[in-house]
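Listing of my_file.tsv, TSV, C-alpha atoms
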```tsv
chain	number	residue	atom	x	y	z
A	1	MET	CA	-24.23	12.46	32.92
A	2	GLU	CA	-21.18	14.73	32.92
A	3	ARG	CA	-19.07	14.51	36.03
A	4	ALA	CA	-16.77	17.28	37.21
A	5	ASN	CA	-13.75	15.86	35.45
A	6	PRO	CA	-14.44	12.40	34.08
A	7	PHE	CA	-11.13	12.33	32.21
A	8	ALA	CA	-9.07	12.63	35.41
A	9	ILE	CA	-11.21	10.18	37.35
A	10	ASP	CA	-11.12	7.46	34.70
A	11	TYR	CA	-7.65	8.18	33.42
A	12	ARG	CA	-5.78	5.24	34.94
A	13	ARG	CA	-8.56	2.77	34.27
A	14	GLU	CA	-8.85	3.92	30.66
A	15	VAL	CA	-5.11	3.65	30.07
A	16	ARG	CA	-5.10	0.14	31.58
A	17	ALA	CA	-8.04	-0.89	29.38
A	18	GLY	CA	-6.23	0.40	26.30
A	19	LEU	CA	-3.02	-1.43	27.17
A	20	ARG	CA	-4.92	-4.66	27.90
A	21	ASP	CA	-6.80	-4.52	24.57
A	22	ILE	CA	-3.75	-3.72	22.45
A	23	ALA	CA	-1.36	-6.23	24.12
A	24	PRO	CA	-1.99	-9.24	21.83
A	25	ILE	CA	-1.65	-7.02	18.75
A	26	VAL	CA	1.64	-5.61	20.01
A	27	VAL	CA	3.02	-9.13	20.45
A	28	ALA	CA	1.95	-10.16	16.94
A	29	ALA	CA	3.44	-6.97	15.50
A	30	VAL	CA	6.98	-7.60	16.84
A	31	PRO	CA	8.10	-10.18	14.23
A	32	ILE	CA	6.33	-8.27	11.45
A	33	SER	CA	8.16	-5.08	12.50
A	34	LEU	CA	11.51	-6.92	12.59
A	35	LEU	CA	10.76	-8.33	9.16
A	36	PHE	CA	9.90	-4.92	7.76
A	37	GLY	CA	13.18	-3.51	8.99
A	38	ALA	CA	15.19	-6.45	7.67
A	39	VAL	CA	13.75	-6.31	4.16
A	40	ALA	CA	13.95	-2.51	4.06
A	41	ALA	CA	17.65	-2.86	4.92
A	42	ALA	CA	18.04	-5.41	2.13
A	43	LYS	CA	16.56	-2.81	-0.26
A	44	GLY	CA	19.33	-0.42	0.74
A	45	LEU	CA	17.75	1.69	3.49
A	46	THR	CA	19.90	2.44	6.54
A	47	PRO	CA	18.62	1.60	10.05
A	48	LEU	CA	18.22	5.33	10.67
A	49	GLU	CA	16.11	5.76	7.52
A	50	VAL	CA	13.94	2.78	8.49
A	51	THR	CA	13.44	4.16	12.02
A	52	VAL	CA	12.58	7.63	10.73
A	53	MET	CA	10.12	6.18	8.21
A	54	SER	CA	8.35	4.06	10.84
A	55	ALA	CA	8.22	6.93	13.31
A	56	LEU	CA	6.83	9.48	10.85
A	57	VAL	CA	4.64	7.36	8.57
A	58	PHE	CA	3.49	4.68	11.07
A	59	ALA	CA	1.43	2.80	8.47
A	60	GLY	CA	2.46	-0.83	7.97
A	61	GLY	CA	0.58	-1.54	4.75
A	62	ALA	CA	1.82	1.58	3.00
A	63	GLN	CA	5.38	1.06	4.22
A	64	PHE	CA	5.48	-2.58	3.12
A	65	ALA	CA	4.16	-1.51	-0.29
A	66	ALA	CA	6.72	1.28	-0.55
A	67	ILE	CA	9.60	-1.03	0.33
A	68	GLU	CA	8.42	-3.75	-2.03
A	69	THR	CA	8.69	-1.32	-4.95
A	70	TRP	CA	11.63	0.71	-3.56
A	71	ILE	CA	14.28	1.86	-6.05
A	72	HIS	CA	17.17	4.33	-5.80
A	73	PRO	CA	16.74	7.25	-6.00
A	74	ALA	CA	13.33	7.07	-4.35
A	75	PRO	CA	10.47	8.03	-6.72
A	76	ILE	CA	8.84	10.57	-4.40
A	77	LEU	CA	5.61	11.22	-6.30
A	78	THR	CA	5.00	7.56	-7.07
A	79	LEU	CA	5.51	6.64	-3.42
A	80	ALA	CA	3.24	9.46	-2.25
A	81	PHE	CA	0.51	8.39	-4.68
A	82	ALA	CA	0.74	4.72	-3.68
A	83	THR	CA	0.63	5.79	-0.02
A	84	LEU	CA	-2.47	7.89	-0.68
A	85	LEU	CA	-4.21	4.98	-2.42
A	86	ILE	CA	-3.40	2.52	0.35
A	87	ASN	CA	-4.27	4.87	3.22
A	88	ALA	CA	-7.42	6.38	1.69
A	89	ARG	CA	-9.37	3.96	3.89
A	90	HIS	CA	-8.30	6.08	6.90
A	91	VAL	CA	-10.69	8.81	5.75
A	92	LEU	CA	-13.73	6.59	6.22
A	93	MET	CA	-12.34	5.08	9.43
A	94	GLY	CA	-11.69	8.51	10.94
A	95	ALA	CA	-15.08	9.83	9.86
A	96	SER	CA	-16.77	6.87	11.51
A	97	LEU	CA	-14.81	7.01	14.77
A	98	SER	CA	-14.67	10.79	15.25
A	99	PRO	CA	-18.19	11.24	16.73
A	100	LYS	CA	-17.57	8.33	19.15
A	101	VAL	CA	-14.42	9.64	20.86
A	102	ARG	CA	-14.58	11.99	23.84
A	103	MET	CA	-11.91	14.49	22.87
A	104	SER	CA	-11.62	18.15	21.95
A	105	ARG	CA	-11.05	19.05	18.31
A	106	ILE	CA	-7.37	19.82	18.93
A	107	GLN	CA	-6.91	16.54	20.81
A	108	LYS	CA	-8.49	14.70	17.87
A	109	PHE	CA	-6.19	16.34	15.35
A	110	LEU	CA	-3.15	15.38	17.39
A	111	SER	CA	-4.14	11.90	18.50
A	112	PHE	CA	-5.52	10.76	15.13
A	113	PHE	CA	-1.89	10.52	14.05
A	114	PHE	CA	-2.18	7.16	15.84
A	115	LEU	CA	-5.03	5.92	13.64
A	116	THR	CA	-4.30	2.33	12.60
A	117	ASP	CA	-6.51	-0.54	11.46
A	118	GLU	CA	-5.98	-2.30	14.78
A	119	ALA	CA	-6.58	0.58	17.21
A	120	TRP	CA	-9.53	1.71	15.11
A	121	ALA	CA	-11.16	-1.71	15.16
A	122	LEU	CA	-10.72	-2.02	18.94
A	123	SER	CA	-12.14	1.46	19.51
A	124	GLU	CA	-15.15	0.89	17.28
A	125	ARG	CA	-15.87	-2.25	19.31
A	126	ARG	CA	-15.48	-0.39	22.62
A	127	ALA	CA	-17.69	2.44	21.32
A	128	LEU	CA	-20.59	-0.02	21.16
A	129	GLU	CA	-20.62	-0.09	24.98
A	130	ARG	CA	-19.12	3.22	26.16
A	131	PRO	CA	-17.51	6.39	24.84
A	132	VAL	CA	-13.90	6.08	23.72
A	133	THR	CA	-11.69	8.36	25.82
A	134	GLY	CA	-8.53	10.09	24.76
A	135	ALA	CA	-6.63	8.10	27.40
A	136	TYR	CA	-7.79	4.76	25.97
A	137	TRP	CA	-7.10	5.77	22.35
A	138	THR	CA	-3.73	7.43	22.99
A	139	ALA	CA	-2.43	4.63	25.26
A	140	MET	CA	-3.03	2.13	22.45
A	141	GLY	CA	-1.60	4.46	19.83
A	142	VAL	CA	1.62	5.31	21.66
A	143	VAL	CA	2.39	1.67	22.51
A	144	LEU	CA	1.76	0.48	18.93
A	145	TRP	CA	3.81	3.38	17.55
A	146	ALA	CA	6.78	2.80	19.88
A	147	ASN	CA	6.66	-0.94	19.19
A	148	TRP	CA	6.60	-0.47	15.40
A	149	THR	CA	9.33	2.18	15.39
A	150	LEU	CA	11.66	0.32	17.78
A	151	PHE	CA	11.40	-3.14	16.25
A	152	SER	CA	11.52	-2.05	12.61
A	153	GLY	CA	14.71	-0.13	13.41
A	154	LEU	CA	16.09	-3.16	15.22
A	155	GLY	CA	15.08	-5.35	12.26
A	156	ALA	CA	17.08	-3.10	9.94
A	157	ILE	CA	20.16	-3.46	12.16
A	158	LEU	CA	19.80	-7.24	12.44
A	159	GLY	CA	18.91	-7.51	8.75
A	160	SER	CA	22.25	-6.04	7.75
A	161	PHE	CA	23.90	-9.07	9.35
A	162	LEU	CA	21.45	-11.66	8.01
A	163	GLY	CA	22.32	-10.94	4.40
A	164	ASP	CA	20.13	-12.04	1.50
A	165	PRO	CA	16.54	-12.50	2.78
A	166	GLU	CA	15.75	-14.78	-0.19
A	167	ARG	CA	17.85	-17.55	1.35
A	168	ILE	CA	15.43	-18.00	4.25
A	169	GLY	CA	12.30	-17.14	2.25
A	170	ALA	CA	11.95	-13.82	4.06
A	171	ASP	CA	11.43	-12.03	0.74
A	172	PHE	CA	8.19	-13.99	0.36
A	173	ALA	CA	6.98	-12.96	3.83
A	174	PHE	CA	5.73	-9.68	2.31
A	175	THR	CA	3.66	-11.55	-0.21
A	176	ALA	CA	2.31	-13.91	2.45
A	177	LEU	CA	1.52	-11.02	4.80
A	178	PHE	CA	-0.38	-9.18	2.09
A	179	ILE	CA	-2.33	-12.32	1.15
A	180	GLY	CA	-3.27	-12.61	4.83
A	181	LEU	CA	-4.35	-8.97	4.98
A	182	VAL	CA	-6.38	-9.30	1.77
A	183	ALA	CA	-8.15	-12.38	3.18
A	184	GLY	CA	-9.29	-10.15	6.04
A	185	PHE	CA	-11.53	-8.29	3.59
A	186	GLY	CA	-13.68	-11.37	3.09
A	187	ARG	CA	-14.79	-13.54	0.22
A	188	SER	CA	-17.71	-11.57	-1.18
A	189	ARG	CA	-18.25	-11.67	-4.94
A	190	VAL	CA	-17.19	-8.02	-5.28
A	191	THR	CA	-13.97	-8.64	-3.33
A	192	LEU	CA	-13.09	-11.72	-5.39
A	193	VAL	CA	-13.65	-9.79	-8.65
A	194	THR	CA	-11.53	-6.92	-7.29
A	195	VAL	CA	-8.68	-9.24	-6.34
A	196	ALA	CA	-8.74	-11.14	-9.65
A	197	VAL	CA	-8.79	-8.03	-11.85
A	198	SER	CA	-6.19	-6.18	-9.79
A	199	ALA	CA	-3.84	-9.19	-9.78
A	200	ALA	CA	-4.18	-9.80	-13.54
A	201	VAL	CA	-3.70	-6.16	-14.56
A	202	ALA	CA	-0.80	-5.62	-12.13
A	203	ALA	CA	1.00	-8.76	-13.34
A	204	LEU	CA	0.53	-7.82	-17.01
A	205	VAL	CA	1.62	-4.20	-16.53
A	206	HIS	CA	4.64	-5.28	-14.51
A	207	HIS	CA	5.63	-7.74	-17.25
A	208	PHE	CA	5.13	-5.45	-20.26
A	209	ILE	CA	5.78	-1.97	-18.82
A	210	GLY	CA	7.56	-2.50	-15.50
A	211	ALA	CA	7.63	-1.27	-11.91
A	212	PRO	CA	6.31	0.80	-10.27
A	213	TRP	CA	3.39	1.32	-12.70
A	214	HIS	CA	1.80	-2.01	-11.85
A	215	VAL	CA	0.68	-0.74	-8.42
A	216	ALA	CA	-1.45	2.20	-9.55
A	217	SER	CA	-2.78	0.52	-12.70
A	218	GLY	CA	-3.64	-2.75	-10.96
A	219	ALA	CA	-5.26	-0.94	-8.04
A	220	LEU	CA	-7.33	1.36	-10.25
A	221	ALA	CA	-8.44	-1.58	-12.41
A	222	GLY	CA	-9.48	-3.49	-9.29
A	223	ILE	CA	-11.38	-0.49	-7.91
A	224	ALA	CA	-13.17	0.01	-11.25
A	225	ALA	CA	-14.02	-3.70	-11.30
A	226	ALA	CA	-15.55	-3.39	-7.81
A	227	TYR	CA	-17.63	-0.45	-8.98
A	228	PHE	CA	-19.12	-2.41	-11.87
A	229	ALA	CA	-19.39	-5.71	-9.98
A	230	ALA	CA	-21.42	-4.14	-7.16
A	231	PRO	CA	-25.21	-3.99	-7.44
A	232	LYS	CA	-26.55	-0.62	-8.57
A	233	GLU	CA	-28.88	-0.20	-5.59
A	234	ALA	CA	-27.41	0.37	-2.16
A	235	ARG	CA	-28.03	-2.49	0.21
A	236	PRO	CA	-29.18	-1.39	3.67
B	5	MET	CA	24.10	5.56	9.87
B	6	SER	CA	23.13	8.01	7.19
B	7	LEU	CA	20.12	9.72	5.72
B	8	ASP	CA	19.83	10.06	1.96
B	9	MET	CA	18.16	13.38	1.08
B	10	THR	CA	15.87	11.92	-1.60
B	11	THR	CA	14.93	9.06	0.74
B	12	LEU	CA	14.17	11.54	3.51
B	13	LEU	CA	11.98	13.61	1.18
B	14	ALA	CA	10.12	10.46	0.09
B	15	ILE	CA	9.57	9.51	3.75
B	16	ILE	CA	8.29	13.00	4.57
B	17	ALA	CA	5.95	12.91	1.55
B	18	MET	CA	4.58	9.54	2.68
B	19	ALA	CA	4.20	10.86	6.25
B	20	VAL	CA	2.34	14.01	5.17
B	21	VAL	CA	-0.01	12.06	2.88
B	22	THR	CA	-0.69	9.49	5.61
B	23	TYR	CA	-1.38	12.10	8.30
B	24	PHE	CA	-3.72	13.86	5.86
B	25	THR	CA	-5.74	10.66	5.36
B	26	ARG	CA	-5.91	10.19	9.15
B	27	ILE	CA	-7.36	13.63	9.90
B	28	ALA	CA	-9.41	14.04	6.69
B	29	GLY	CA	-12.14	11.95	8.29
B	30	LEU	CA	-12.53	14.61	11.00
B	31	PHE	CA	-13.64	17.09	8.33
B	32	VAL	CA	-16.06	14.82	6.54
B	33	ALA	CA	-17.56	13.07	9.59
B	34	ASP	CA	-21.36	12.95	9.20
B	35	ARG	CA	-21.06	14.32	5.68
B	36	LEU	CA	-19.45	11.42	3.87
B	37	VAL	CA	-22.23	8.96	3.10
B	38	LEU	CA	-21.19	6.64	0.32
B	39	THR	CA	-23.75	4.20	-1.00
B	40	GLY	CA	-24.04	1.52	-3.65
B	41	ARG	CA	-21.32	1.32	-6.25
B	42	ALA	CA	-19.32	4.27	-4.90
B	43	LYS	CA	-19.11	2.57	-1.49
B	44	ALA	CA	-18.15	-0.74	-3.10
B	45	ALA	CA	-15.38	1.02	-5.03
B	46	PHE	CA	-14.11	2.76	-1.88
B	47	ASP	CA	-14.23	-0.46	0.14
B	48	ALA	CA	-12.27	-2.19	-2.62
B	49	ILE	CA	-9.30	0.18	-2.34
B	50	PRO	CA	-7.27	-1.72	0.32
B	51	PRO	CA	-7.51	-5.21	-1.24
B	52	ALA	CA	-7.02	-3.80	-4.75
B	53	VAL	CA	-3.85	-1.96	-3.74
B	54	LEU	CA	-2.43	-4.81	-1.65
B	55	VAL	CA	-2.98	-7.34	-4.45
B	56	ALA	CA	-1.50	-5.02	-7.10
B	57	VAL	CA	1.68	-4.71	-5.04
B	58	ILE	CA	2.30	-8.45	-4.70
B	59	ALA	CA	0.90	-9.72	-8.01
B	60	PRO	CA	4.25	-9.71	-9.88
B	61	THR	CA	6.02	-11.62	-7.09
B	62	ALA	CA	3.14	-14.03	-6.58
B	63	LEU	CA	2.21	-14.73	-10.21
B	64	THR	CA	5.09	-14.11	-12.60
B	65	THR	CA	8.28	-14.90	-10.68
B	66	GLY	CA	8.10	-18.68	-10.95
B	67	TRP	CA	6.17	-21.81	-10.10
B	68	ALA	CA	7.49	-21.99	-6.53
B	69	GLU	CA	6.16	-18.50	-5.72
B	70	ALA	CA	2.86	-19.02	-7.55
B	71	ILE	CA	2.10	-22.32	-5.80
B	72	ALA	CA	3.21	-20.93	-2.43
B	73	ALA	CA	0.88	-17.96	-2.96
B	74	GLY	CA	-2.01	-20.36	-3.53
B	75	ILE	CA	-1.17	-22.33	-0.39
B	76	THR	CA	-0.88	-19.08	1.57
B	77	ALA	CA	-4.29	-17.93	0.33
B	78	VAL	CA	-5.89	-21.16	1.57
B	79	ALA	CA	-4.15	-20.76	4.94
B	80	ALA	CA	-5.17	-17.11	5.17
B	81	PHE	CA	-8.83	-17.99	5.69
B	82	ARG	CA	-8.02	-20.45	8.49
B	83	LEU	CA	-5.06	-19.01	10.42
B	84	PRO	CA	-4.23	-15.74	12.16
B	85	LEU	CA	-1.92	-13.36	10.31
B	86	LEU	CA	1.33	-14.67	11.81
B	87	GLY	CA	0.43	-18.30	11.03
B	88	THR	CA	-0.39	-17.32	7.46
B	89	VAL	CA	3.01	-15.65	7.03
B	90	ALA	CA	4.76	-18.70	8.51
B	91	VAL	CA	2.95	-21.09	6.15
B	92	GLY	CA	3.81	-18.90	3.16
B	93	VAL	CA	7.51	-18.63	4.01
B	94	ILE	CA	7.88	-22.36	4.73
B	95	ALA	CA	5.97	-23.24	1.55
B	96	VAL	CA	8.18	-21.08	-0.66
B	97	VAL	CA	11.42	-22.37	0.86
B	98	VAL	CA	10.31	-26.01	0.41
B	99	LEU	CA	9.04	-25.41	-3.14
B	100	ARG	CA	12.19	-23.54	-4.22
B	101	ASN	CA	14.20	-26.58	-3.15
B	102	LEU	CA	11.88	-29.01	-4.94
B	103	ILE	CA	11.37	-27.14	-8.21
```

Any chance you could put this one into structure tokens?
Amino acid sequence: MERANPFAIDYRREVRAGLRDIAPIVVAAVPISLLFGAVAAAKGLTPLEVTVMSALVFAGGAQFAAIETWIHPAPILTLAFATLLINARHVLMGASLSPKVRMSRIQKFLSFFFLTDEAWALSERRALERPVTGAYWTAMGVVLWANWTLFSGLGAILGSFLGDPERIGADFAFTALFIGLVAGFGRSRVTLVTVAVSAAVAALVHHFIGAPWHVASGALAGIAAAYFAAPKEARP
Amino acid sequence: MSLDMTTLLAIIAMAVVTYFTRIAGLFVADRLVLTGRAKAAFDAIPPAVLVAVIAPTALTTGWAEAIAAGITAVAAFRLPLLGTVAVGVIAVVVLRNLI
């Protein structure tokens, strides 16, 4: 099964496969990246700050959530907690993918910086047919990362010239994007209960107590609702 | 071009937390087996968080935003992500002008 150096032999083919699979996602991510930068700039972040955030954090959902609730000075602990809540799904994704990738432990620790919903989903699909190589995984990761960092920074620069995003409805693009992402989690009874409880609690807390407490309280209420709405016995 | 120190610290905190979630799975691979209600609660984290973030904008800002959110939700089950965003933005601009 093991060849002398399968990584070297398959390297180019694996990189090409990664680039081919990620291409449509990269195209779709360009306007979303520009939008992120533009609205972050409208919230008072400089293009440099936006670029640094995208380069270091590289997590669209968490960054959109952070910007949506951004105030000056930045509430560090609140942002870190919200980021942890939103990205906790990475733990399960990484645990699931880890045995399927052909990489050393060190390579995994480095290249799992590039773990995103999109690259993960593509790799899980590829793992059904063949092992996922470091070349395939890293090619996708680097391209998505460069794309996100570059275009969110560019969006921040362009956004400074566009002015108030509310005029063109761009402020609502966040909301629409999140509704689209939530729809991706399906319409099961548990999901619908989660969404309803989270929305109601978050709206009430925001109205009576204020930002940013609605994020954690709404999320925790939704998670608790999912716990109680789910059947007691595990389904196979 | 400038970097606010508090903003930079917040970004670094977000980056550290995010990287931790990305590699944490490498430690728990094969050991983390959630079932039943615990799994349902864990699976519910992304939608619960995403909804909590947008709920004030979608529900309590005004009728234009609330109706546009409903239209967007209907579109979300039929269109790809970009189409959903486009429908939402167009809906809110039209509704803000009507209401």

Select residues of chain B: the criterion is any atom within 7 Å of an atom of chain A, counting only C-alpha atoms; output as a PyMOL selection string. chain B and resi 5-7+10-11+14-15+17-19+21-23+25-30+32-33+39-42+44-45+48-60+62-64+73+76-77+80-81+85-86+88-89+92-93+96-97

Show me as a list in words the residues that reach within 8 Å of (3.5, -23.7, -1.5), counting all atoms listed in the file and using the file's own coordinates. Ala68, Glu69, Ala70, Ile71, Ala72, Ala73, Gly74, Ile75, Thr76, Gly92, Ile94, Ala95, Val96, Val98 and Leu99 of chain B

For the atom pair CA of Ala127 (chain A) and CA of Ala146 (chain A), what is the interatomic distance in Å to one decimal place?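 So the two atoms, CA of Ala127 (chain A) and CA of Ala146 (chain A), lie 24.5 Å apart.
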
Could you tell me how far CA of Ala23 (chain A) lies from CA of Gly37 (chain A), in Å and to one decimal? 21.2 Å

Interatomic distance (Å, one decimal) between CA of Gly159 (chain A) and CA of Asn101 (chain B): 23.0 Å

Centre and edge lengths of an axis-aligned box around all listed atoms of region 197-216 of chain A, with 4 Å added on each side, are to be given in Å to one decimal, as lines of an AutoDock Vina configuration file.
```
center_x = -0.6
center_y = -3.8
center_z = -14.3
size_x = 24.4
size_y = 20.0
size_z = 19.8
```
